[in-house]
$ cat protein_34.cif   # mmCIF, C-alpha atoms
data_entry
#
loop_
_atom_site.label_atom_id
_atom_site.label_comp_id
_atom_site.auth_asym_id
_atom_site.auth_seq_id
_atom_site.Cartn_x
_atom_site.Cartn_y
_atom_site.Cartn_z
CA MET A 4 162.01 72.28 117.78
CA THR A 5 163.89 74.88 119.75
CA ARG A 6 167.31 76.19 118.80
CA LEU A 7 168.83 73.97 121.47
CA GLN A 8 167.14 70.89 120.04
CA LEU A 9 168.18 71.83 116.51
CA ARG A 10 171.77 72.44 117.60
CA THR A 11 171.84 69.12 119.44
CA ARG A 12 170.70 67.33 116.28
CA LEU A 13 173.24 69.24 114.26
CA PHE A 14 176.16 68.31 116.49
CA GLU A 15 175.02 64.69 116.55
CA ARG A 16 174.93 64.76 112.75
CA LEU A 17 178.49 66.07 112.75
CA GLY A 18 179.68 63.39 115.17
CA GLU A 19 180.23 65.86 117.99
CA ASP A 20 179.19 65.69 121.61
CA PRO A 21 176.42 68.34 121.81
CA ALA A 22 177.38 69.15 125.41
CA SER A 23 181.04 69.83 124.63
CA PRO A 24 181.74 70.04 120.89
CA GLN A 25 185.43 70.04 119.99
CA PHE A 26 185.73 71.17 116.37
CA TRP A 27 182.87 73.68 116.21
CA THR A 28 181.39 76.11 118.73
CA ALA A 29 177.74 76.59 119.66
CA THR A 30 177.94 80.03 118.04
CA GLU A 31 179.02 78.50 114.71
CA ALA A 32 176.11 76.07 114.93
CA ASN A 33 173.63 78.84 115.75
CA GLU A 34 174.88 80.92 112.82
CA ALA A 35 174.64 77.96 110.47
CA LEU A 36 171.03 77.38 111.54
CA THR A 37 170.24 81.07 110.97
CA ALA A 38 171.84 80.86 107.53
CA ALA A 39 169.75 77.79 106.74
CA GLU A 40 166.54 79.59 107.63
CA THR A 41 167.66 82.57 105.53
CA VAL A 42 168.24 80.49 102.41
CA LEU A 43 165.04 78.53 102.97
CA ALA A 44 162.99 81.72 103.37
CA LEU A 45 164.55 83.24 100.25
CA LEU A 46 163.97 80.22 98.02
CA THR A 47 160.46 79.43 99.24
CA LEU A 48 158.98 82.78 100.39
CA THR A 49 157.49 80.75 103.22
CA ALA A 50 157.89 83.42 105.93
CA ARG A 51 155.34 86.17 105.41
CA LYS A 52 154.09 89.14 107.38
CA VAL A 53 152.35 92.48 107.03
CA ALA A 54 153.79 95.89 107.88
CA SER A 55 152.81 99.49 107.27
CA ILE A 56 155.11 101.97 105.57
CA THR A 57 154.61 105.63 104.94
CA THR A 58 155.89 107.04 101.68
CA GLY A 59 157.81 110.27 101.32
CA ALA A 60 157.50 112.81 98.55
CA ASP A 61 159.62 110.71 96.17
CA VAL A 62 158.00 108.41 93.62
CA PHE A 63 160.63 105.77 94.44
CA VAL A 64 160.60 103.92 97.77
CA ASP A 65 163.88 102.50 99.11
CA LEU A 66 162.63 99.07 100.16
CA ILE A 67 165.75 98.09 102.09
CA SER A 68 165.39 101.13 104.35
CA ALA A 69 161.64 100.79 104.68
CA LEU A 70 161.53 97.04 105.30
CA PRO A 71 165.02 95.79 106.12
CA ASP A 72 164.05 92.11 106.28
CA ILE A 73 162.08 92.04 103.02
CA VAL A 74 162.58 89.49 100.27
CA VAL A 75 159.76 90.58 97.98
CA PRO A 76 156.33 92.25 98.27
CA LEU A 77 153.39 89.86 97.97
CA ALA A 78 150.50 92.32 98.17
CA ILE A 79 150.42 96.07 98.65
CA ARG A 80 147.31 97.93 99.70
CA ALA A 81 146.56 101.63 99.87
CA GLY A 82 143.49 102.48 101.92
CA GLY A 83 142.54 98.82 101.81
CA VAL A 84 142.59 98.66 98.01
CA LYS A 85 145.13 96.41 96.30
CA VAL A 86 147.86 98.17 94.37
CA ALA A 87 148.47 96.20 91.18
CA PRO A 88 151.97 95.06 90.20
CA THR A 89 153.26 96.19 86.85
CA SER A 90 156.46 96.95 84.92
CA LEU A 91 158.21 100.14 83.85
CA THR A 92 157.15 99.58 80.24
CA GLN A 93 153.53 99.12 81.21
CA LEU A 94 153.63 102.22 83.38
CA ALA A 95 155.04 104.24 80.49
CA MET A 96 152.31 102.92 78.19
CA LEU A 97 149.69 103.83 80.76
CA ASN A 98 150.95 107.34 81.33
CA ARG A 99 154.24 108.70 80.04
CA SER A 100 154.23 111.16 82.91
CA TRP A 101 153.66 108.53 85.55
CA PRO A 102 156.58 109.70 87.80
CA ALA A 103 154.88 113.08 88.13
CA ALA A 104 151.36 111.80 88.71
CA GLU A 105 150.03 112.45 92.20
CA GLY A 106 147.34 110.56 94.06
CA THR A 107 146.63 107.32 95.86
CA PRO A 108 148.84 104.55 94.43
CA GLN A 109 147.09 102.18 92.04
CA ARG A 110 150.09 100.36 90.60
CA TYR A 111 153.63 99.58 91.59
CA ALA A 112 156.71 98.35 89.82
CA LEU A 113 159.38 96.45 91.74
CA LEU A 114 162.80 97.44 90.42
CA GLY A 115 165.34 94.86 91.46
CA ALA A 116 165.21 93.95 95.14
CA ASN A 117 165.58 97.46 96.47
CA VAL A 118 163.34 100.00 94.73
CA LEU A 119 159.57 100.31 94.52
CA ALA A 120 158.08 102.78 92.03
CA LEU A 121 154.54 103.93 92.76
CA TYR A 122 151.94 105.25 90.33
CA PRO A 123 150.50 107.64 91.20
CA HIS A 124 152.25 108.65 94.39
CA GLN A 125 151.77 111.17 97.15
CA ASP A 126 153.60 112.27 100.24
CA ALA A 127 152.73 110.63 103.56
CA GLN A 128 150.78 107.81 101.92
CA SER A 129 150.32 104.87 104.25
CA LEU A 130 150.74 101.50 102.56
CA SER A 131 150.03 98.08 103.99
CA VAL A 132 152.68 95.73 102.62
CA GLU A 133 152.33 91.97 102.90
CA TYR A 134 155.74 90.56 102.12
CA ALA A 135 158.01 87.57 102.26
CA TYR A 136 160.76 88.18 104.77
CA ILE A 137 163.94 86.76 106.23
CA PRO A 138 163.38 85.68 109.84
CA ALA A 139 165.71 87.15 112.44
CA ALA A 140 168.19 84.86 114.14
CA MET A 141 166.70 82.84 116.97
CA SER A 142 167.44 84.91 120.04
CA SER A 143 167.82 82.16 122.64
CA ASP A 144 168.11 78.42 122.95
CA SER A 145 164.41 78.21 123.81
CA ALA A 146 163.39 80.12 120.66
CA ALA A 147 162.07 78.22 117.65
CA PRO A 148 162.50 78.92 113.94
CA VAL A 149 159.79 80.85 112.14
CA VAL A 150 159.44 78.29 109.36
CA ARG A 151 156.97 75.49 109.91
CA ALA A 152 158.01 72.51 112.02
CA ALA A 153 158.07 70.17 109.02
CA LEU A 154 161.05 72.14 107.74
CA HIS A 155 163.14 72.04 110.88
CA ASP A 156 165.08 68.97 109.78
CA ALA A 157 165.90 70.78 106.54
CA LEU A 158 167.54 73.53 108.60
CA VAL A 159 169.78 70.94 110.20
CA ASP A 160 170.58 69.55 106.72
CA TYR A 161 171.80 72.89 105.33
CA ALA A 162 173.60 73.80 108.55
CA ALA A 163 175.45 70.46 108.53
CA TRP A 164 176.61 71.00 104.93
CA ARG A 165 177.64 74.57 105.68
CA MET A 166 179.66 73.57 108.73
CA ARG A 167 181.41 70.84 106.74
CA LEU A 168 182.81 73.56 104.46
CA LYS A 169 185.32 74.14 107.26
CA GLU A 170 186.66 70.61 106.88
CA GLY A 171 186.47 70.05 103.13
CA ALA A 172 187.71 66.80 101.56
CA GLN A 173 185.86 63.56 102.23
CA LEU A 174 183.80 64.89 105.12
CA LEU A 175 182.38 67.63 102.91
CA LYS A 176 181.59 65.07 100.24
CA GLU A 177 179.74 63.03 102.83
CA ALA A 178 177.58 66.09 103.54
CA GLU A 179 176.31 66.27 99.96
CA PRO A 180 173.22 64.18 100.80
CA ASP A 181 172.43 66.74 103.52
CA LEU A 182 172.44 69.53 100.96
CA ARG A 183 170.37 67.43 98.56
CA ARG A 184 167.76 66.78 101.25
CA PHE A 185 167.66 70.49 102.01
CA PHE A 186 166.99 71.34 98.36
CA GLU A 187 164.33 68.64 98.14
CA ALA A 188 162.60 70.25 101.13
CA VAL A 189 162.93 73.63 99.39
CA GLN A 190 161.23 72.23 96.30
CA GLN A 191 158.36 70.77 98.30
CA GLU A 192 157.83 73.91 100.34
CA ALA A 193 158.05 76.14 97.29
CA ALA A 194 155.30 74.08 95.62
CA LEU A 195 153.08 74.53 98.68
CA VAL A 196 153.74 78.26 98.84
CA ARG A 197 153.10 78.61 95.10
CA ASN A 198 149.67 77.09 95.66
CA GLU A 199 149.00 79.42 98.60
CA ALA A 200 150.15 82.35 96.48
CA ARG A 201 147.62 81.46 93.80
CA LEU A 202 144.83 81.24 96.38
CA ASN A 203 145.83 84.57 97.92
CA GLN A 204 146.55 86.21 94.57
CA TYR A 205 150.02 87.21 95.66
CA ASP A 206 152.14 89.28 93.32
CA ALA A 207 155.16 87.01 93.64
CA THR A 208 155.68 83.27 93.82
CA PRO A 209 158.74 81.26 94.83
CA PRO A 210 161.33 80.98 92.07
CA GLU A 211 161.03 77.82 90.01
CA VAL A 212 164.59 76.71 90.26
CA THR A 213 164.56 73.20 88.90
CA LEU A 214 165.43 70.36 91.18
CA ALA A 215 168.03 69.36 88.59
CA LYS A 216 169.77 72.71 88.98
CA LEU A 217 169.73 72.50 92.75
CA MET A 218 170.93 68.92 92.66
CA GLU A 219 173.71 70.03 90.37
CA ALA A 220 174.75 72.38 93.15
CA SER A 221 174.70 69.61 95.70
CA ARG A 222 176.48 67.06 93.52
CA GLY A 223 179.14 69.36 92.22
CA ARG A 224 178.47 69.06 88.51
CA MET B 1 169.32 99.18 106.93
CA ALA B 2 172.31 97.51 105.42
CA VAL B 3 174.37 94.38 105.72
CA ASN B 4 177.41 94.91 107.91
CA VAL B 5 180.13 92.88 106.21
CA SER B 6 182.42 93.11 109.24
CA ALA B 7 179.86 91.02 111.16
CA VAL B 8 179.84 88.45 108.35
CA ILE B 9 183.64 88.38 108.41
CA SER B 10 183.59 87.81 112.17
CA SER B 11 181.50 84.72 111.59
CA ILE B 12 183.91 83.43 108.92
CA TRP B 13 187.06 83.33 111.03
CA PRO B 14 186.04 80.13 112.87
CA ALA B 15 185.40 78.45 109.51
CA LEU B 16 188.95 79.41 108.59
CA GLY B 17 190.33 77.86 111.74
CA ALA B 18 190.65 81.09 113.71
CA LEU B 19 188.46 82.73 116.29
CA ILE B 20 189.56 86.25 115.35
CA GLU B 21 191.56 87.80 112.53
CA ASP B 22 194.77 87.81 114.58
CA HIS B 23 194.62 84.02 114.78
CA ALA B 24 194.18 83.58 111.04
CA VAL B 25 197.35 82.30 109.43
CA TRP B 26 196.79 82.57 105.69
CA TRP B 27 194.19 85.27 105.26
CA ASP B 28 193.43 88.78 106.49
CA ALA B 29 190.31 90.94 106.66
CA ASP B 30 191.28 93.08 103.66
CA GLU B 31 191.34 89.99 101.46
CA LEU B 32 187.93 88.98 102.74
CA TYR B 33 186.55 92.43 101.89
CA ALA B 34 188.03 92.06 98.41
CA TRP B 35 186.31 88.69 98.02
CA ALA B 36 183.06 90.23 99.28
CA ASN B 37 183.31 92.82 96.50
CA ASP B 38 184.10 90.08 93.98
CA THR B 39 180.99 88.24 95.14
CA LEU B 40 178.80 91.33 94.75
CA ARG B 41 180.15 91.77 91.22
CA ARG B 42 179.69 88.12 90.30
CA PHE B 43 176.11 88.24 91.59
CA ARG B 44 175.23 91.01 89.12
CA GLY B 45 173.51 88.47 86.87
CA ALA B 46 170.60 88.43 89.31
CA ARG B 47 170.07 92.16 88.63
CA ILE B 48 168.90 92.75 92.17
CA TYR B 49 170.21 96.27 92.69
CA VAL B 50 168.66 99.30 91.01
CA GLU B 51 170.03 102.82 91.33
CA VAL B 52 168.01 105.98 90.72
CA THR B 53 170.15 109.04 90.00
CA THR B 54 169.60 112.50 88.56
CA HIS B 55 171.34 114.85 86.14
CA ALA B 56 170.59 118.49 85.41
CA LEU B 57 169.69 118.76 81.71
CA THR B 58 172.36 121.20 80.58
CA ALA B 59 172.51 123.41 77.51
CA GLY B 60 174.86 122.02 74.88
CA VAL B 61 175.38 118.71 76.68
CA GLN B 62 173.96 115.77 74.76
CA ASN B 63 175.66 112.85 76.52
CA TYR B 64 175.15 111.90 80.16
CA ALA B 65 176.85 109.25 82.25
CA LEU B 66 175.18 106.33 83.96
CA PRO B 67 176.28 105.69 87.55
CA ALA B 68 179.84 104.36 87.72
CA LYS B 69 178.71 100.83 88.57
CA ALA B 70 175.69 100.66 86.29
CA SER B 71 175.41 97.63 84.05
CA ALA B 72 172.18 98.47 82.20
CA LEU B 73 169.98 101.47 81.60
CA LEU B 74 166.35 100.88 82.50
CA ALA B 75 164.66 104.18 81.81
CA VAL B 76 165.09 107.94 81.82
CA ALA B 77 162.50 110.57 82.71
CA HIS B 78 162.73 114.31 82.20
CA GLU B 79 160.79 116.35 84.71
CA GLY B 80 158.59 113.35 85.48
CA LYS B 81 157.95 112.38 81.84
CA MET B 82 159.38 109.14 80.48
CA ILE B 83 161.56 109.53 77.40
CA PRO B 84 161.30 106.79 74.75
CA ARG B 85 164.52 104.88 74.29
CA TYR B 86 166.08 103.85 71.00
CA THR B 87 169.28 102.32 69.76
CA ALA B 88 171.58 104.33 67.52
CA ARG B 89 170.55 102.14 64.58
CA GLU B 90 166.87 102.88 65.21
CA MET B 91 167.59 106.58 65.50
CA ASP B 92 169.49 106.52 62.20
CA SER B 93 166.28 105.26 60.61
CA LEU B 94 164.06 107.74 62.39
CA ARG B 95 166.13 110.88 61.98
CA GLN B 96 169.42 110.63 60.13
CA ALA B 97 170.85 113.86 61.53
CA TRP B 98 169.95 113.07 65.14
CA LYS B 99 173.52 113.53 66.32
CA VAL B 100 173.50 117.20 65.32
CA TYR B 101 169.84 117.87 66.02
CA SER B 102 169.42 120.44 68.74
CA ALA B 103 166.38 122.29 69.98
CA PRO B 104 165.21 124.26 72.98
CA ALA B 105 162.43 121.74 73.54
CA ALA B 106 162.47 118.89 76.06
CA PRO B 107 164.22 115.65 75.05
CA GLU B 108 162.18 113.44 72.73
CA PHE B 109 164.41 110.36 72.70
CA ILE B 110 167.15 108.62 74.62
CA VAL B 111 169.87 106.78 72.75
CA GLU B 112 171.99 104.29 74.65
CA ALA B 113 175.76 103.87 74.56
CA VAL B 114 176.54 106.60 72.07
CA THR B 115 180.01 107.57 73.25
CA SER B 116 180.68 104.63 75.58
CA ALA B 117 178.83 101.75 77.17
CA ASN B 118 178.02 103.78 80.27
CA THR B 119 176.48 106.82 78.64
CA PHE B 120 173.25 107.80 77.01
CA ALA B 121 172.43 110.70 74.72
CA VAL B 122 169.37 112.89 74.74
CA VAL B 123 167.82 113.90 71.40
CA PRO B 124 167.50 116.70 70.55
CA SER B 125 170.58 118.09 72.22
CA PRO B 126 169.29 120.73 74.64
CA GLU B 127 169.83 124.35 73.68
CA ALA B 128 168.81 125.49 77.14
CA THR B 129 169.43 124.24 80.65
CA SER B 130 166.09 122.95 81.74
CA GLY B 131 164.97 120.58 84.45
CA THR B 132 166.21 117.26 85.73
CA LEU B 133 166.81 113.87 84.16
CA THR B 134 165.95 110.93 86.40
CA VAL B 135 167.95 107.85 85.45
CA MET B 136 166.96 104.34 86.50
CA SER B 137 169.68 101.76 86.01
CA VAL B 138 170.67 98.28 87.06
CA SER B 139 173.78 98.75 89.09
CA LEU B 140 176.01 97.30 91.78
CA PRO B 141 176.12 98.31 95.43
CA ALA B 142 179.08 100.32 96.70
CA ASP B 143 182.31 98.47 97.45
CA VAL B 144 182.91 97.47 101.04
CA SER B 145 186.14 97.82 103.01
CA SER B 146 187.29 97.83 106.60
CA GLY B 147 186.62 101.58 106.66
CA ALA B 148 183.18 101.26 105.09
CA PRO B 149 181.87 97.82 106.00
CA SER B 150 178.13 98.48 105.56
CA VAL B 151 176.40 98.07 102.23
CA ASP B 152 172.77 98.64 101.24
CA ILE B 153 171.77 95.19 100.10
CA PRO B 154 168.99 92.83 101.19
CA THR B 155 169.53 90.94 104.45
CA TRP B 156 169.63 87.57 102.70
CA MET B 157 172.72 88.65 100.77
CA SER B 158 174.74 88.18 103.97
CA GLU B 159 174.71 84.42 103.33
CA ILE B 160 175.85 84.96 99.73
CA LEU B 161 178.70 87.09 101.05
CA TYR B 162 179.59 84.45 103.63
CA LEU B 163 179.78 81.74 100.99
CA GLY B 164 181.59 84.02 98.54
CA MET B 165 184.23 85.10 101.02
CA LEU B 166 184.70 81.53 102.23
CA ALA B 167 185.08 80.39 98.61
CA GLY B 168 187.68 83.09 98.04
CA ALA B 169 189.66 82.11 101.10
CA LYS B 170 189.43 78.36 100.63
CA GLY B 171 190.10 78.68 96.91
CA ARG B 172 193.29 80.68 97.19
CA GLU B 173 196.50 78.70 96.97
CA THR B 174 197.75 78.51 100.55
CA GLU B 175 198.45 75.68 102.94
CA GLY B 176 194.93 76.24 104.17
CA ALA B 177 193.39 75.88 100.71
CA MET B 178 190.38 73.60 100.29
CA PRO B 179 189.38 73.89 96.66
CA GLU B 180 186.53 71.41 97.15
CA SER B 181 184.99 73.67 99.83
CA ALA B 182 185.44 76.69 97.58
CA ALA B 183 183.78 74.89 94.66
CA ALA B 184 180.89 73.67 96.82
CA ALA B 185 180.21 77.17 98.15
CA GLU B 186 180.31 78.64 94.64
CA ARG B 187 177.87 76.04 93.31
CA VAL B 188 175.34 76.98 95.99
CA ILE B 189 175.86 80.68 95.22
CA ALA B 190 175.13 79.91 91.55
CA ALA B 191 171.92 78.08 92.46
CA ILE B 192 170.76 80.95 94.68
CA GLU B 193 171.69 83.48 92.00
CA GLN B 194 169.44 81.69 89.54
CA ALA B 195 166.59 81.85 92.03
CA ALA B 196 167.23 85.51 92.81
CA ALA B 197 167.25 86.33 89.11
CA GLN B 198 163.75 84.90 88.80
CA LEU B 199 162.52 86.88 91.77
CA PHE B 200 164.13 90.22 91.04
CA ALA B 201 165.48 90.55 87.50
CA VAL B 202 164.10 93.91 86.46
CA ARG B 203 161.33 93.93 83.91
CA LYS B 204 161.74 96.96 81.70
#

$ encode --input "protein_34.cif" --output "structure tokens"
Amino acid sequence: MTRLQLRTRLFERLGEDPASPQFWTATEANEALTAAETVLALLTLTARKVASITTGADVFVDLISALPDIVVPLAIRAGGVKVAPTSLTQLAMLNRSWPAAEGTPQRYALLGANVLALYPHQDAQSLSVEYAYIPAAMSSDSAAPVVRAALHDALVDYAAWRMRLKEGAQLLKEAEPDLRRFFEAVQQEAALVRNEARLNQYDATPPEVTLAKLMEASRGR
Amino acid sequence: MAVNVSAVISSIWPALGALIEDHAVWWDADELYAWANDTLRRFRGARIYVEVTTHALTAGVQNYALPAKASALLAVAHEGKMIPRYTAREMDSLRQAWKVYSAPAAPEFIVEAVTSANTFAVVPSPEATSGTLTVMSVSLPADVSSGAPSVDIPTWMSEILYLGMLAGAKGRETEGAMPESAAAAERVIAAIEQAAAQLFAVRK
């Protein structure tokens, strides 16, 4: 579906005339759809791509500057060879002087969402990073979401719940099934991506947030 | 690249019944920035933000501060060499006089929270100024305000900030309050925080 088709469905869901909505604007609907794709991509790691980065002299890489749309690295390669994921403790056990070691990276530790530590490291090292990312907002009404077509209805579900936050009360309560359907779609997609991650030997898999926890969020308990 | 909170705030006004700040009756942008900062603080459980800072190892100075917003020390290196970390209790067992032990040599141990929660001590206390300590800590991003609306956080955090600011606005007692909307937004933030914690919580 295109953004226009998604927005039309969204306004119909909200009881609005898609051609001339009264309570919401097209911009609000577009932003809600973008937000839906953002949350979906974060919880499922379903949007993936490859980019090259070049390291500086520092052992730590600022991921947010290097790859602004990143969620998490899935596979990093230096000269075509996979760099293995590890932890700070393991790095220290391997070599207490790991921050000073120079050479082609063999291991990396992800520190939070924003820092990558490389061991060993060297200036001007080119790395190929396959990573889960947050898709950019759809740029026009003819543009389509990045996530697969089977998930497009889920985008409308989250966007409908999000737009009902403006109204609150009974109308927000009536949107709880929308949020529940969205989280069910997240669960299904995350299971698929987890399987793909195993096949591809990715370094990260979608978080295993239980359906119960997500349903708790949608039911308000 | 950072998240520009002013852009997120612009998208919130319509949800608060106003197209721009001037049309908003019960809230203003400064309050929304305050709620954005509250949201960043509340989201600390996910441990998504790591700060790497440095200190010069200085003669006679045993205690060093973590960054102002740090919530946990991850590791410390001196001149590229990791320094083993112990608690004060462990150090008492290893070397009873560790608090008065000084030497010209490089630090052998790090002890957390010796003088306050946001400090660490190096053992032995350095007798000479020598090299740099690199400190890795779990921290919080800088506060945002109308004068400094950009913050270095992942792109996806913009939705957390949207929900957090909306929850703050709808949750405050005004004629425009909608506590049910505030509660719903906060429940979704909590669910996403749990997911983010699984993805990013730092492994030491």

$ closest_atom_pairs --input "protein_34.cif" --of "chain A" --to "chain B" --cutoff "7 Å" --atoms "all atoms listed in the file" --output "CSV"
residue,atom,partner,partner_atom,distance
A:Ala38,CA,B:Glu159,CA,6.2
A:Thr41,CA,B:Trp156,CA,6.1
A:Leu46,CA,B:Ala195,CA,6.7
A:Ile67,CA,B:Met1,CA,6.1
A:Ser68,CA,B:Met1,CA,5.1
A:Pro71,CA,B:Met1,CA,5.5
A:Asp72,CA,B:Thr155,CA,5.9
A:Ser90,CA,B:Arg203,CA,5.8
A:Leu91,CA,B:Lys204,CA,5.2
A:Thr92,CA,B:Lys204,CA,5.5
A:Ala95,CA,B:Met82,CA,6.5
A:Arg99,CA,B:Met82,CA,5.2
A:Ser100,CA,B:Lys81,CA,4.1
A:Trp101,CA,B:Lys81,CA,6.9
A:Pro102,CA,B:Gly80,CA,4.8
A:Ala103,CA,B:Gly80,CA,4.6
A:Leu114,CA,B:Val202,CA,5.5
A:Gly115,CA,B:Ile48,CA,4.2
A:Ala116,CA,B:Ile48,CA,4.9
A:Asn117,CA,B:Tyr49,CA,6.1
A:Val118,CA,B:Val50,CA,6.5
A:Ile137,CA,B:Trp156,CA,6.7
A:Leu168,CA,B:Ser181,CA,5.1
A:Lys169,CA,B:Ala15,CA,4.9
A:Gly171,CA,B:Ser181,CA,5.1
A:Ala172,CA,B:Glu180,CA,6.5
A:Pro210,CA,B:Ala195,CA,5.3
A:Val212,CA,B:Ala195,CA,5.8
A:Lys216,CA,B:Ala191,CA,6.8
A:Leu217,CA,B:Ala191,CA,6.0
A:Ala220,CA,B:Arg187,CA,4.8
A:Gly223,CA,B:Ala184,CA,6.5

$ closest_residue --input "protein_34.cif" --among "B:Ala142, B:Val122, B:Ala105, B:Ala88" --to "B:Val76" --atoms "only C-alpha atoms"
B:Val122

$ residues_near_point --input "protein_34.cif" --point "(163.5, 72.6, 119.2)" --cutoff "10 Å" --atoms "all atoms listed in the file" --output "PDB file with C-alpha atoms, in the frame of the given file"
ATOM      1  CA  MET A   4     162.010  72.280 117.780  1.00  0.00           C
ATOM      2  CA  THR A   5     163.890  74.880 119.750  1.00  0.00           C
ATOM      3  CA  ARG A   6     167.310  76.190 118.800  1.00  0.00           C
ATOM      4  CA  LEU A   7     168.830  73.970 121.470  1.00  0.00           C
ATOM      5  CA  GLN A   8     167.140  70.890 120.040  1.00  0.00           C
ATOM      6  CA  LEU A   9     168.180  71.830 116.510  1.00  0.00           C
ATOM      7  CA  ARG A  10     171.770  72.440 117.600  1.00  0.00           C
ATOM      8  CA  THR A  11     171.840  69.120 119.440  1.00  0.00           C
ATOM      9  CA  ARG A  12     170.700  67.330 116.280  1.00  0.00           C
ATOM     10  CA  ASP A 144     168.110  78.420 122.950  1.00  0.00           C
ATOM     11  CA  SER A 145     164.410  78.210 123.810  1.00  0.00           C
ATOM     12  CA  ALA A 146     163.390  80.120 120.660  1.00  0.00           C
ATOM     13  CA  ALA A 147     162.070  78.220 117.650  1.00  0.00           C
ATOM     14  CA  PRO A 148     162.500  78.920 113.940  1.00  0.00           C
ATOM     15  CA  ALA A 152     158.010  72.510 112.020  1.00  0.00           C
ATOM     16  CA  HIS A 155     163.140  72.040 110.880  1.00  0.00           C
TER      17      HIS A 155
END

$ resolve_selection --input "protein_34.cif" --expression "the PyMOL selection byres ((chain A and resi 56) around 8)" --output "list in words"
Ala54, Ser55, Thr57, Thr58, Ala69, Ser129, Leu130, Ser131 and Val132 of chain A

$ residues_around --input "protein_34.cif" --residues "A:Thr49" --least-positions-apart "5" --cutoff "9 Å" --atoms "only C-alpha atoms" --output "list of chain:residue names"
A:Leu43, A:Ala44, A:Ala135, A:Tyr136, A:Val150, A:Arg151, A:Glu192, A:Ala193, A:Leu195, A:Val196, A:Pro209

$ atom_distance --input "protein_34.cif" --atom1 "atom CA of B:Ala18" --atom2 "atom CA of A:Glu170"
13.1 Å

$ resolve_selection --input "protein_34.cif" --expression "the PyMOL selection byres ((chain A and resi 159-164) around 9)" --output "ChimeraX atom specification"
/A:9-10,12-14,16-17,32-40,42,155-158,165-168,175,177-186

$ write_last_selection --input "protein_34.cif" --atoms "C-alpha atoms" --output "PDB file, keeping the file's coordinate frame"
ATOM      1  CA  LEU A   9     168.180  71.830 116.510  1.00  0.00           C
ATOM      2  CA  ARG A  10     171.770  72.440 117.600  1.00  0.00           C
ATOM      3  CA  ARG A  12     170.700  67.330 116.280  1.00  0.00           C
ATOM      4  CA  LEU A  13     173.240  69.240 114.260  1.00  0.00           C
ATOM      5  CA  PHE A  14     176.160  68.310 116.490  1.00  0.00           C
ATOM      6  CA  ARG A  16     174.930  64.760 112.750  1.00  0.00           C
ATOM      7  CA  LEU A  17     178.490  66.070 112.750  1.00  0.00           C
ATOM      8  CA  ALA A  32     176.110  76.070 114.930  1.00  0.00           C
ATOM      9  CA  ASN A  33     173.630  78.840 115.750  1.00  0.00           C
ATOM     10  CA  GLU A  34     174.880  80.920 112.820  1.00  0.00           C
ATOM     11  CA  ALA A  35     174.640  77.960 110.470  1.00  0.00           C
ATOM     12  CA  LEU A  36     171.030  77.380 111.540  1.00  0.00           C
ATOM     13  CA  THR A  37     170.240  81.070 110.970  1.00  0.00           C
ATOM     14  CA  ALA A  38     171.840  80.860 107.530  1.00  0.00           C
ATOM     15  CA  ALA A  39     169.750  77.790 106.740  1.00  0.00           C
ATOM     16  CA  GLU A  40     166.540  79.590 107.630  1.00  0.00           C
ATOM     17  CA  VAL A  42     168.240  80.490 102.410  1.00  0.00           C
ATOM     18  CA  HIS A 155     163.140  72.040 110.880  1.00  0.00           C
ATOM     19  CA  ASP A 156     165.080  68.970 109.780  1.00  0.00           C
ATOM     20  CA  ALA A 157     165.900  70.780 106.540  1.00  0.00           C
ATOM     21  CA  LEU A 158     167.540  73.530 108.600  1.00  0.00           C
ATOM     22  CA  ARG A 165     177.640  74.570 105.680  1.00  0.00           C
ATOM     23  CA  MET A 166     179.660  73.570 108.730  1.00  0.00           C
ATOM     24  CA  ARG A 167     181.410  70.840 106.740  1.00  0.00           C
ATOM     25  CA  LEU A 168     182.810  73.560 104.460  1.00  0.00           C
ATOM     26  CA  LEU A 175     182.380  67.630 102.910  1.00  0.00           C
ATOM     27  CA  GLU A 177     179.740  63.030 102.830  1.00  0.00           C
ATOM     28  CA  ALA A 178     177.580  66.090 103.540  1.00  0.00           C
ATOM     29  CA  GLU A 179     176.310  66.270  99.960  1.00  0.00           C
ATOM     30  CA  PRO A 180     173.220  64.180 100.800  1.00  0.00           C
ATOM     31  CA  ASP A 181     172.430  66.740 103.520  1.00  0.00           C
ATOM     32  CA  LEU A 182     172.440  69.530 100.960  1.00  0.00           C
ATOM     33  CA  ARG A 183     170.370  67.430  98.560  1.00  0.00           C
ATOM     34  CA  ARG A 184     167.760  66.780 101.250  1.00  0.00           C
ATOM     35  CA  PHE A 185     167.660  70.490 102.010  1.00  0.00           C
ATOM     36  CA  PHE A 186     166.990  71.340  98.360  1.00  0.00           C
TER      37      PHE A 186
END

$ residues_around --input "protein_34.cif" --residues "A:Tyr111" --least-positions-apart "6" --cutoff "10 Å" --atoms "only C-alpha atoms" --output "list of chain:residue names"
A:Phe63, A:Ile79, A:Val86, A:Ala87, A:Pro88, A:Thr89, A:Ser90, A:Leu91, A:Leu94, A:Leu119, A:Ala120, A:Leu121, A:Tyr122, A:Pro123, A:His124

$ resolve_selection --input "protein_34.cif" --expression "the PyMOL selection byres ((chain B and resi 147) around 12)" --output "count of residues only"
14

$ residues_around --input "protein_34.cif" --residues "B:Phe120" --least-positions-apart "6" --cutoff "8 Å" --atoms "only C-alpha atoms" --output "JSON, numbers by chain"
{"B": [63, 64, 65, 66, 110, 111, 112, 113, 114]}

$ atom_distance --input "protein_34.cif" --atom1 "atom CA of A:Leu154" --atom2 "atom CA of A:Lys52"
18.4 Å
